[in-house]
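Source file start_39.cif; content: mmCIF, C-alpha atoms.
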```
data_work
loop_
_atom_site.group_PDB
_atom_site.id
_atom_site.type_symbol
_atom_site.label_atom_id
_atom_site.label_comp_id
_atom_site.auth_asym_id
_atom_site.auth_seq_id
_atom_site.Cartn_x
_atom_site.Cartn_y
_atom_site.Cartn_z
ATOM 1 C CA MET A 91 -7.216 2.626 -19.180
ATOM 2 C CA GLU A 92 -10.096 1.182 -21.207
ATOM 3 C CA GLN A 93 -10.261 -2.618 -21.148
ATOM 4 C CA ARG A 94 -12.708 -5.408 -21.862
ATOM 5 C CA LEU A 95 -15.119 -5.447 -18.971
ATOM 6 C CA GLN A 96 -14.568 -9.053 -17.903
ATOM 7 C CA LYS A 97 -10.791 -8.519 -17.814
ATOM 8 C CA LEU A 98 -11.136 -5.327 -15.794
ATOM 9 C CA LEU A 99 -13.458 -6.993 -13.267
ATOM 10 C CA SER A 100 -11.113 -9.958 -12.931
ATOM 11 C CA GLN A 101 -8.117 -7.689 -12.296
ATOM 12 C CA CYS A 102 -10.139 -5.967 -9.586
ATOM 13 C CA GLY A 103 -10.525 -9.304 -7.834
ATOM 14 C CA VAL A 104 -14.282 -9.633 -8.282
ATOM 15 C CA GLY A 105 -13.871 -13.132 -9.708
ATOM 16 C CA SER A 106 -12.315 -15.126 -12.513
ATOM 17 C CA ARG A 107 -12.638 -13.858 -16.084
ATOM 18 C CA ARG A 108 -14.916 -16.779 -16.943
ATOM 19 C CA ALA A 109 -17.121 -16.038 -13.925
ATOM 20 C CA MET A 110 -17.301 -12.376 -14.938
ATOM 21 C CA GLU A 111 -18.444 -13.357 -18.421
ATOM 22 C CA GLU A 112 -21.258 -15.346 -16.803
ATOM 23 C CA TRP A 113 -22.177 -12.405 -14.542
ATOM 24 C CA ILE A 114 -22.259 -10.036 -17.520
ATOM 25 C CA THR A 115 -24.480 -12.445 -19.442
ATOM 26 C CA ALA A 116 -26.756 -12.710 -16.400
ATOM 27 C CA GLY A 117 -27.174 -8.919 -16.297
ATOM 28 C CA ARG A 118 -25.429 -8.463 -12.939
ATOM 29 C CA ILE A 119 -23.029 -5.782 -14.232
ATOM 30 C CA THR A 120 -23.932 -2.236 -15.257
ATOM 31 C CA VAL A 121 -21.783 0.509 -16.752
ATOM 32 C CA ASN A 122 -22.993 4.074 -16.290
ATOM 33 C CA GLY A 123 -26.453 2.802 -15.445
ATOM 34 C CA GLU A 124 -26.783 0.523 -18.482
ATOM 35 C CA VAL A 125 -26.751 -3.272 -18.330
ATOM 36 C CA ALA A 126 -23.418 -4.457 -19.712
ATOM 37 C CA HIS A 127 -22.946 -6.973 -22.516
ATOM 38 C CA LEU A 128 -20.094 -9.270 -23.481
ATOM 39 C CA GLY A 129 -17.569 -7.333 -25.536
ATOM 40 C CA ASP A 130 -18.213 -4.037 -23.741
ATOM 41 C CA ARG A 131 -15.176 -2.003 -22.704
ATOM 42 C CA ALA A 132 -14.829 0.361 -19.744
ATOM 43 C CA ASP A 133 -12.364 2.547 -17.886
ATOM 44 C CA LEU A 134 -12.490 2.300 -14.097
ATOM 45 C CA ASP A 135 -11.461 5.945 -13.681
ATOM 46 C CA ARG A 136 -14.048 7.215 -16.174
ATOM 47 C CA ASP A 137 -17.038 4.911 -15.900
ATOM 48 C CA GLU A 138 -19.310 3.947 -13.023
ATOM 49 C CA ILE A 139 -19.252 0.165 -12.894
ATOM 50 C CA CYS A 140 -21.718 -1.604 -10.600
ATOM 51 C CA VAL A 141 -21.750 -5.217 -9.490
ATOM 52 C CA ASP A 142 -25.210 -6.281 -8.308
ATOM 53 C CA GLY A 143 -25.992 -2.600 -7.799
ATOM 54 C CA THR A 144 -22.854 -1.796 -5.789
ATOM 55 C CA VAL A 145 -20.384 0.686 -7.284
ATOM 56 C CA LEU A 146 -17.052 -1.011 -7.888
ATOM 57 C CA ARG A 147 -15.067 2.012 -6.806
ATOM 58 C CA PRO A 148 -16.644 4.908 -4.887
ATOM 59 C CA GLY A 149 -15.682 8.393 -5.938
ATOM 60 C CA GLY A 150 -13.387 10.614 -3.904
ATOM 61 C CA ALA A 151 -10.059 9.779 -2.310
ATOM 62 C CA ARG A 152 -8.458 6.439 -3.052
ATOM 63 C CA THR A 153 -7.945 3.777 -0.390
ATOM 64 C CA TYR A 154 -4.692 1.837 -0.018
ATOM 65 C CA LEU A 155 -4.412 -1.076 2.403
ATOM 66 C CA MET A 156 -1.721 -3.548 3.388
ATOM 67 C CA LEU A 157 -3.148 -6.902 4.472
ATOM 68 C CA ASN A 158 -1.195 -9.743 6.043
ATOM 69 C CA LYS A 159 -3.159 -12.459 4.270
ATOM 70 C CA PRO A 160 -3.462 -15.705 6.215
ATOM 71 C CA ARG A 161 -3.686 -19.130 4.636
ATOM 72 C CA GLY A 162 -7.179 -20.402 3.931
ATOM 73 C CA TYR A 163 -8.529 -17.257 2.210
ATOM 74 C CA VAL A 164 -9.028 -16.791 -1.529
ATOM 75 C CA THR A 165 -7.925 -13.559 -3.181
ATOM 76 C CA THR A 166 -11.269 -12.443 -4.591
ATOM 77 C CA LEU A 167 -14.150 -10.216 -3.515
ATOM 78 C CA SER A 168 -16.652 -13.082 -3.703
ATOM 79 C CA ASP A 169 -16.443 -16.813 -4.239
ATOM 80 C CA GLU A 170 -18.972 -19.036 -5.961
ATOM 81 C CA ARG A 171 -17.911 -21.966 -3.761
ATOM 82 C CA GLY A 172 -18.500 -20.156 -0.494
ATOM 83 C CA ARG A 173 -14.864 -20.042 0.569
ATOM 84 C CA LYS A 174 -13.513 -17.313 2.858
ATOM 85 C CA THR A 175 -12.302 -14.233 0.938
ATOM 86 C CA VAL A 176 -9.830 -11.452 1.651
ATOM 87 C CA ALA A 177 -12.696 -8.966 1.219
ATOM 88 C CA GLN A 178 -14.143 -10.257 4.490
ATOM 89 C CA LEU A 179 -10.894 -9.440 6.286
ATOM 90 C CA VAL A 180 -10.904 -5.762 5.241
ATOM 91 C CA ALA A 181 -14.668 -5.134 5.357
ATOM 92 C CA ALA A 182 -14.218 -2.699 8.247
ATOM 93 C CA CYS A 183 -12.285 -0.268 6.027
ATOM 94 C CA GLY A 184 -15.646 1.018 4.769
ATOM 95 C CA GLN A 185 -14.673 1.028 1.071
ATOM 96 C CA ARG A 186 -14.995 -1.454 -1.763
ATOM 97 C CA VAL A 187 -11.369 -2.324 -2.432
ATOM 98 C CA TRP A 188 -9.931 -5.140 -4.489
ATOM 99 C CA PRO A 189 -6.704 -7.144 -4.227
ATOM 100 C CA VAL A 190 -3.726 -6.150 -6.352
ATOM 101 C CA GLY A 191 -2.591 -9.391 -7.919
ATOM 102 C CA ARG A 192 -3.095 -12.791 -6.369
ATOM 103 C CA LEU A 193 -1.985 -14.989 -3.508
ATOM 104 C CA ASP A 194 -3.409 -18.493 -3.761
ATOM 105 C CA GLN A 195 -5.507 -19.960 -0.976
ATOM 106 C CA ASP A 196 -2.572 -21.785 0.625
ATOM 107 C CA SER A 197 -0.195 -18.800 0.495
ATOM 108 C CA GLU A 198 0.139 -15.937 2.950
ATOM 109 C CA GLY A 199 1.748 -12.555 3.514
ATOM 110 C CA LEU A 200 1.700 -9.157 1.867
ATOM 111 C CA LEU A 201 -1.402 -8.338 -0.165
ATOM 112 C CA LEU A 202 -2.193 -4.817 -1.331
ATOM 113 C CA MET A 203 -5.841 -3.821 -1.611
ATOM 114 C CA THR A 204 -7.046 -0.590 -3.197
ATOM 115 C CA ASP A 205 -9.674 1.131 -5.331
ATOM 116 C CA ASP A 206 -7.016 2.787 -7.521
ATOM 117 C CA GLY A 207 -7.216 1.298 -11.009
ATOM 118 C CA ASP A 208 -4.098 3.032 -12.323
ATOM 119 C CA LEU A 209 -1.904 1.750 -9.485
ATOM 120 C CA THR A 210 -3.362 -1.729 -9.867
ATOM 121 C CA GLN A 211 -2.444 -1.775 -13.549
ATOM 122 C CA ARG A 212 1.031 -0.433 -12.813
ATOM 123 C CA LEU A 213 1.812 -3.090 -10.227
ATOM 124 C CA ILE A 214 0.451 -6.125 -12.084
ATOM 125 C CA HIS A 215 1.510 -5.375 -15.655
ATOM 126 C CA PRO A 216 4.659 -7.365 -16.534
ATOM 127 C CA SER A 217 6.168 -4.449 -18.488
ATOM 128 C CA HIS A 218 6.819 -2.562 -15.241
ATOM 129 C CA GLU A 219 8.786 -5.515 -13.796
ATOM 130 C CA ILE A 220 7.772 -4.852 -10.193
ATOM 131 C CA GLU A 221 9.741 -7.177 -7.923
ATOM 132 C CA LYS A 222 7.886 -9.565 -5.631
ATOM 133 C CA GLU A 223 9.816 -11.361 -2.902
ATOM 134 C CA TYR A 224 8.688 -14.585 -1.268
ATOM 135 C CA LEU A 225 9.958 -16.715 1.585
ATOM 136 C CA VAL A 226 9.501 -20.335 0.608
ATOM 137 C CA TRP A 227 9.979 -23.363 2.851
ATOM 138 C CA VAL A 228 10.825 -26.432 0.736
ATOM 139 C CA MET A 229 11.813 -30.086 0.981
ATOM 140 C CA GLY A 230 13.822 -31.996 -1.578
ATOM 141 C CA ASP A 231 17.266 -31.941 -3.153
ATOM 142 C CA VAL A 232 17.989 -28.227 -2.776
ATOM 143 C CA ASN A 233 21.524 -28.472 -4.158
ATOM 144 C CA ARG A 234 20.132 -29.885 -7.388
ATOM 145 C CA GLY A 235 17.051 -27.683 -7.433
ATOM 146 C CA LEU A 236 18.597 -24.238 -6.933
ATOM 147 C CA PRO A 237 20.355 -23.992 -10.330
ATOM 148 C CA ILE A 238 17.107 -25.028 -12.012
ATOM 149 C CA LEU A 239 15.042 -22.563 -9.991
ATOM 150 C CA SER A 240 17.320 -19.621 -10.798
ATOM 151 C CA GLY A 241 18.000 -20.609 -14.396
ATOM 152 C CA PRO A 242 16.016 -20.282 -17.638
ATOM 153 C CA MET A 243 12.485 -21.598 -17.220
ATOM 154 C CA GLU A 244 9.156 -21.613 -19.044
ATOM 155 C CA LEU A 245 5.580 -21.716 -17.793
ATOM 156 C CA ASP A 246 2.589 -22.118 -20.092
ATOM 157 C CA GLY A 247 4.986 -22.115 -23.036
ATOM 158 C CA GLN A 248 6.321 -18.643 -22.196
ATOM 159 C CA PRO A 249 9.832 -17.839 -20.924
ATOM 160 C CA LEU A 250 10.108 -16.392 -17.417
ATOM 161 C CA SER A 251 12.406 -13.622 -16.319
ATOM 162 C CA PRO A 252 15.209 -15.225 -14.262
ATOM 163 C CA ALA A 253 14.386 -15.459 -10.564
ATOM 164 C CA GLN A 254 16.756 -14.275 -7.863
ATOM 165 C CA VAL A 255 17.122 -17.091 -5.350
ATOM 166 C CA ARG A 256 18.944 -17.084 -2.007
ATOM 167 C CA ARG A 257 19.284 -20.075 0.260
ATOM 168 C CA GLY A 258 18.569 -19.699 3.969
ATOM 169 C CA LYS A 259 18.681 -22.053 6.924
ATOM 170 C CA THR A 260 17.940 -25.777 6.784
ATOM 171 C CA SER A 261 16.342 -27.502 9.754
ATOM 172 C CA GLY A 262 14.784 -30.953 9.931
ATOM 173 C CA GLY A 263 15.065 -31.409 6.190
ATOM 174 C CA VAL A 264 13.253 -28.125 5.462
ATOM 175 C CA THR A 265 15.125 -25.301 3.731
ATOM 176 C CA GLN A 266 14.039 -21.673 3.624
ATOM 177 C CA LEU A 267 14.542 -19.849 0.332
ATOM 178 C CA SER A 268 14.119 -16.223 -0.722
ATOM 179 C CA VAL A 269 12.691 -16.062 -4.249
ATOM 180 C CA VAL A 270 12.320 -12.764 -6.141
ATOM 181 C CA ILE A 271 10.298 -12.678 -9.364
ATOM 182 C CA HIS A 272 9.011 -9.941 -11.682
ATOM 183 C CA GLN A 273 6.028 -11.656 -13.267
ATOM 184 C CA GLY A 274 2.879 -12.871 -11.560
ATOM 185 C CA LYS A 275 1.600 -15.983 -13.291
ATOM 186 C CA ASN A 276 -0.901 -18.185 -11.506
ATOM 187 C CA ARG A 277 0.876 -20.034 -8.648
ATOM 188 C CA GLN A 278 4.158 -19.115 -10.304
ATOM 189 C CA VAL A 279 6.583 -19.736 -7.436
ATOM 190 C CA ARG A 280 4.956 -23.060 -6.532
ATOM 191 C CA ARG A 281 5.094 -24.222 -10.144
ATOM 192 C CA MET A 282 8.722 -23.112 -10.480
ATOM 193 C CA CYS A 283 9.647 -25.088 -7.379
ATOM 194 C CA ALA A 284 7.839 -28.143 -8.726
ATOM 195 C CA LYS A 285 9.889 -27.919 -11.927
ATOM 196 C CA ALA A 286 13.016 -27.808 -9.750
ATOM 197 C CA GLY A 287 11.920 -30.945 -7.897
ATOM 198 C CA LEU A 288 11.164 -29.112 -4.655
ATOM 199 C CA GLN A 289 8.064 -29.566 -2.514
ATOM 200 C CA VAL A 290 6.675 -26.303 -1.109
ATOM 201 C CA LEU A 291 5.514 -26.546 2.496
ATOM 202 C CA ARG A 292 4.864 -22.862 3.081
ATOM 203 C CA LEU A 293 4.938 -19.715 0.934
ATOM 204 C CA LYS A 294 4.850 -16.144 2.226
ATOM 205 C CA ARG A 295 5.125 -12.900 0.233
ATOM 206 C CA ILE A 296 7.155 -10.337 2.151
ATOM 207 C CA ARG A 297 7.783 -7.564 -0.400
ATOM 208 C CA GLU A 298 6.218 -5.953 -3.448
ATOM 209 C CA GLY A 299 8.361 -3.304 -5.095
ATOM 210 C CA THR A 300 9.594 -1.008 -2.322
ATOM 211 C CA LEU A 301 6.870 -2.083 0.106
ATOM 212 C CA ASN A 302 7.771 -4.603 2.801
ATOM 213 C CA LEU A 303 5.277 -6.547 4.874
ATOM 214 C CA ASP A 304 4.723 -4.798 8.203
ATOM 215 C CA ARG A 305 5.885 -7.346 10.751
ATOM 216 C CA THR A 306 3.612 -5.899 13.415
ATOM 217 C CA LEU A 307 0.579 -7.103 11.447
ATOM 218 C CA GLN A 308 -0.677 -10.470 12.608
ATOM 219 C CA PRO A 309 -2.225 -12.809 10.007
ATOM 220 C CA GLY A 310 -5.586 -11.349 9.032
ATOM 221 C CA GLN A 311 -4.735 -7.817 10.188
ATOM 222 C CA TRP A 312 -4.423 -4.797 7.886
ATOM 223 C CA ARG A 313 -3.500 -1.125 7.965
ATOM 224 C CA GLU A 314 -3.642 1.833 5.602
ATOM 225 C CA LEU A 315 -0.524 2.699 3.648
ATOM 226 C CA THR A 316 1.275 5.911 4.532
ATOM 227 C CA ARG A 317 1.551 8.760 2.009
ATOM 228 C CA GLU A 318 5.224 7.932 1.580
ATOM 229 C CA GLU A 319 4.499 4.272 0.845
ATOM 230 C CA VAL A 320 1.875 5.145 -1.759
ATOM 231 C CA LEU A 321 4.172 7.688 -3.420
ATOM 232 C CA LYS A 322 6.986 5.159 -3.709
ATOM 233 C CA LEU A 323 4.671 2.581 -5.271
ATOM 234 C CA LYS A 324 3.473 5.126 -7.828
ATOM 235 C CA THR A 325 6.932 6.360 -8.803
ATOM 236 C CA GLU A 326 9.206 3.315 -8.646
#
```

Turn this file's structure into structure tokens for me.
Amino acid sequence: MEQRLQKLLSQCGVGSRRAMEEWITAGRITVNGEVAHLGDRADLDRDEICVDGTVLRPGGARTYLMLNKPRGYVTTLSDERGRKTVAQLVAACGQRVWPVGRLDQDSEGLLLMTDDGDLTQRLIHPSHEIEKEYLVWVMGDVNRGLPILSGPMELDGQPLSPAQVRRGKTSGGVTQLSVVIHQGKNRQVRRMCAKAGLQVLRLKRIREGTLNLDRTLQPGQWRELTREEVLKLKTE
């Protein structure tokens, strides 16, 4: 799908849209061998896009990885502030893959990484309503907060699809919740909890669509998806 270049690069996890605009202006991006300009459009499956001379997606078979993202890593391929990135964790895969969607620096769990632009668009576009499930450990008045968290809510002036919320165990004043959402706004679950008066201590994504986090993966470990897992993601 053809998109504005800075948006496409941002969705591929190279950096923020604003940072990509700066990189384009600085001449760091080429499309089919030509230096890109602001306003240019490109299609990842048609055009050869290079970042500092490196092809964004090599030709040939696609790569699909499941990463158990640990806390302390940002979900980008590079970071202007020198922070640790998820790209460093999967460098041994031998391909230039990008994260599908985002997990903020303090969050952990399931993160898909691929060089398949079509699947990326399918999973992150709100129209497909792909479910994302999180385990969230919170403090606060849970009895008061749960109806707010699962009820009508807005972020950035836009209504959210209702979340599915289940309450788990409480220990030492900390309650575990399961929160299922369809959208993927920036820090959405954390911001929803804040609106409900709940303080998030820990947040872990455990499912995206039909794909569950492999519990054998330790934080920072990854594996390739099976054919069956990829097929389900493409057809759900």

Quick one: apply the PyMOL selection byres ((chain A and resi 94-103) around 7) to the file and drop the selected residues here as a PyMOL selection string. chain A and resi 93+104-107+110-111+129-132+165-167+188-189

Using C-alpha atoms, can you export the residues from the last selection as a PDB file, in the frame of the given file?
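Contents of the output file part.pdb:
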```pdb
ATOM      1  CA  GLN A  93     -10.261  -2.618 -21.148  1.00  0.00           C
ATOM      2  CA  VAL A 104     -14.282  -9.633  -8.282  1.00  0.00           C
ATOM      3  CA  GLY A 105     -13.871 -13.132  -9.708  1.00  0.00           C
ATOM      4  CA  SER A 106     -12.315 -15.126 -12.513  1.00  0.00           C
ATOM      5  CA  ARG A 107     -12.638 -13.858 -16.084  1.00  0.00           C
ATOM      6  CA  MET A 110     -17.301 -12.376 -14.938  1.00  0.00           C
ATOM      7  CA  GLU A 111     -18.444 -13.357 -18.421  1.00  0.00           C
ATOM      8  CA  GLY A 129     -17.569  -7.333 -25.536  1.00  0.00           C
ATOM      9  CA  ASP A 130     -18.213  -4.037 -23.741  1.00  0.00           C
ATOM     10  CA  ARG A 131     -15.176  -2.003 -22.704  1.00  0.00           C
ATOM     11  CA  ALA A 132     -14.829   0.361 -19.744  1.00  0.00           C
ATOM     12  CA  THR A 165      -7.925 -13.559  -3.181  1.00  0.00           C
ATOM     13  CA  THR A 166     -11.269 -12.443  -4.591  1.00  0.00           C
ATOM     14  CA  LEU A 167     -14.150 -10.216  -3.515  1.00  0.00           C
ATOM     15  CA  TRP A 188      -9.931  -5.140  -4.489  1.00  0.00           C
ATOM     16  CA  PRO A 189      -6.704  -7.144  -4.227  1.00  0.00           C
TER      17      PRO A 189
END
```

Do you know which residues the PyMOL selection byres ((chain A and resi 161) around 7) returns on this file, as a PyMOL selection string? chain A and resi 159-160+162-163+195-198

Selection file, C-alpha atoms, as a PDB file, in the coordinates of the input:
```pdb
ATOM      1  CA  LYS A 159      -3.159 -12.459   4.270  1.00  0.00           C
ATOM      2  CA  PRO A 160      -3.462 -15.705   6.215  1.00  0.00           C
ATOM      3  CA  GLY A 162      -7.179 -20.402   3.931  1.00  0.00           C
ATOM      4  CA  TYR A 163      -8.529 -17.257   2.210  1.00  0.00           C
ATOM      5  CA  GLN A 195      -5.507 -19.960  -0.976  1.00  0.00           C
ATOM      6  CA  ASP A 196      -2.572 -21.785   0.625  1.00  0.00           C
ATOM      7  CA  SER A 197      -0.195 -18.800   0.495  1.00  0.00           C
ATOM      8  CA  GLU A 198       0.139 -15.937   2.950  1.00  0.00           C
TER       9      GLU A 198
END
```

Given the file shown, determine the residues that the PyMOL selection byres ((chain A and resi 279) around 12) selects; report them as a PyMOL selection string. chain A and resi 192-194+197+222-228+239-240+243+245+250+252-255+267-278+280-286+288-290+292-295

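When all atoms listed in the file are used to compute distances to Leu201 (chain A), the closest of the residues A:Val121, A:Met91, A:Leu321, A:Val180 turns out to be A:Val180.
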
I'd like the box whose edges run along x, y and z of the file and which contains every listed atom of region 128-146 of chain A, padded by 3 Å per side; could you state its centre and edge lengths in Å, one decimal, as JSON?
```
{"center_x": -18.7, "center_y": -1.0, "center_z": -15.7, "size_x": 20.5, "size_y": 22.5, "size_z": 25.7}
```

So, with all atoms listed in the file as the atoms that count, which of A:Ala181, A:Tyr154, A:Leu134, A:Asp142 lies closest to Arg317 (chain A)? A:Tyr154

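For the set A:Asn158, A:Thr144, A:Asn122, A:Ser168, the residue with the smallest atom-to-atom gap to Ile296 (chain A) is A:Asn158, counting all atoms listed in the file.
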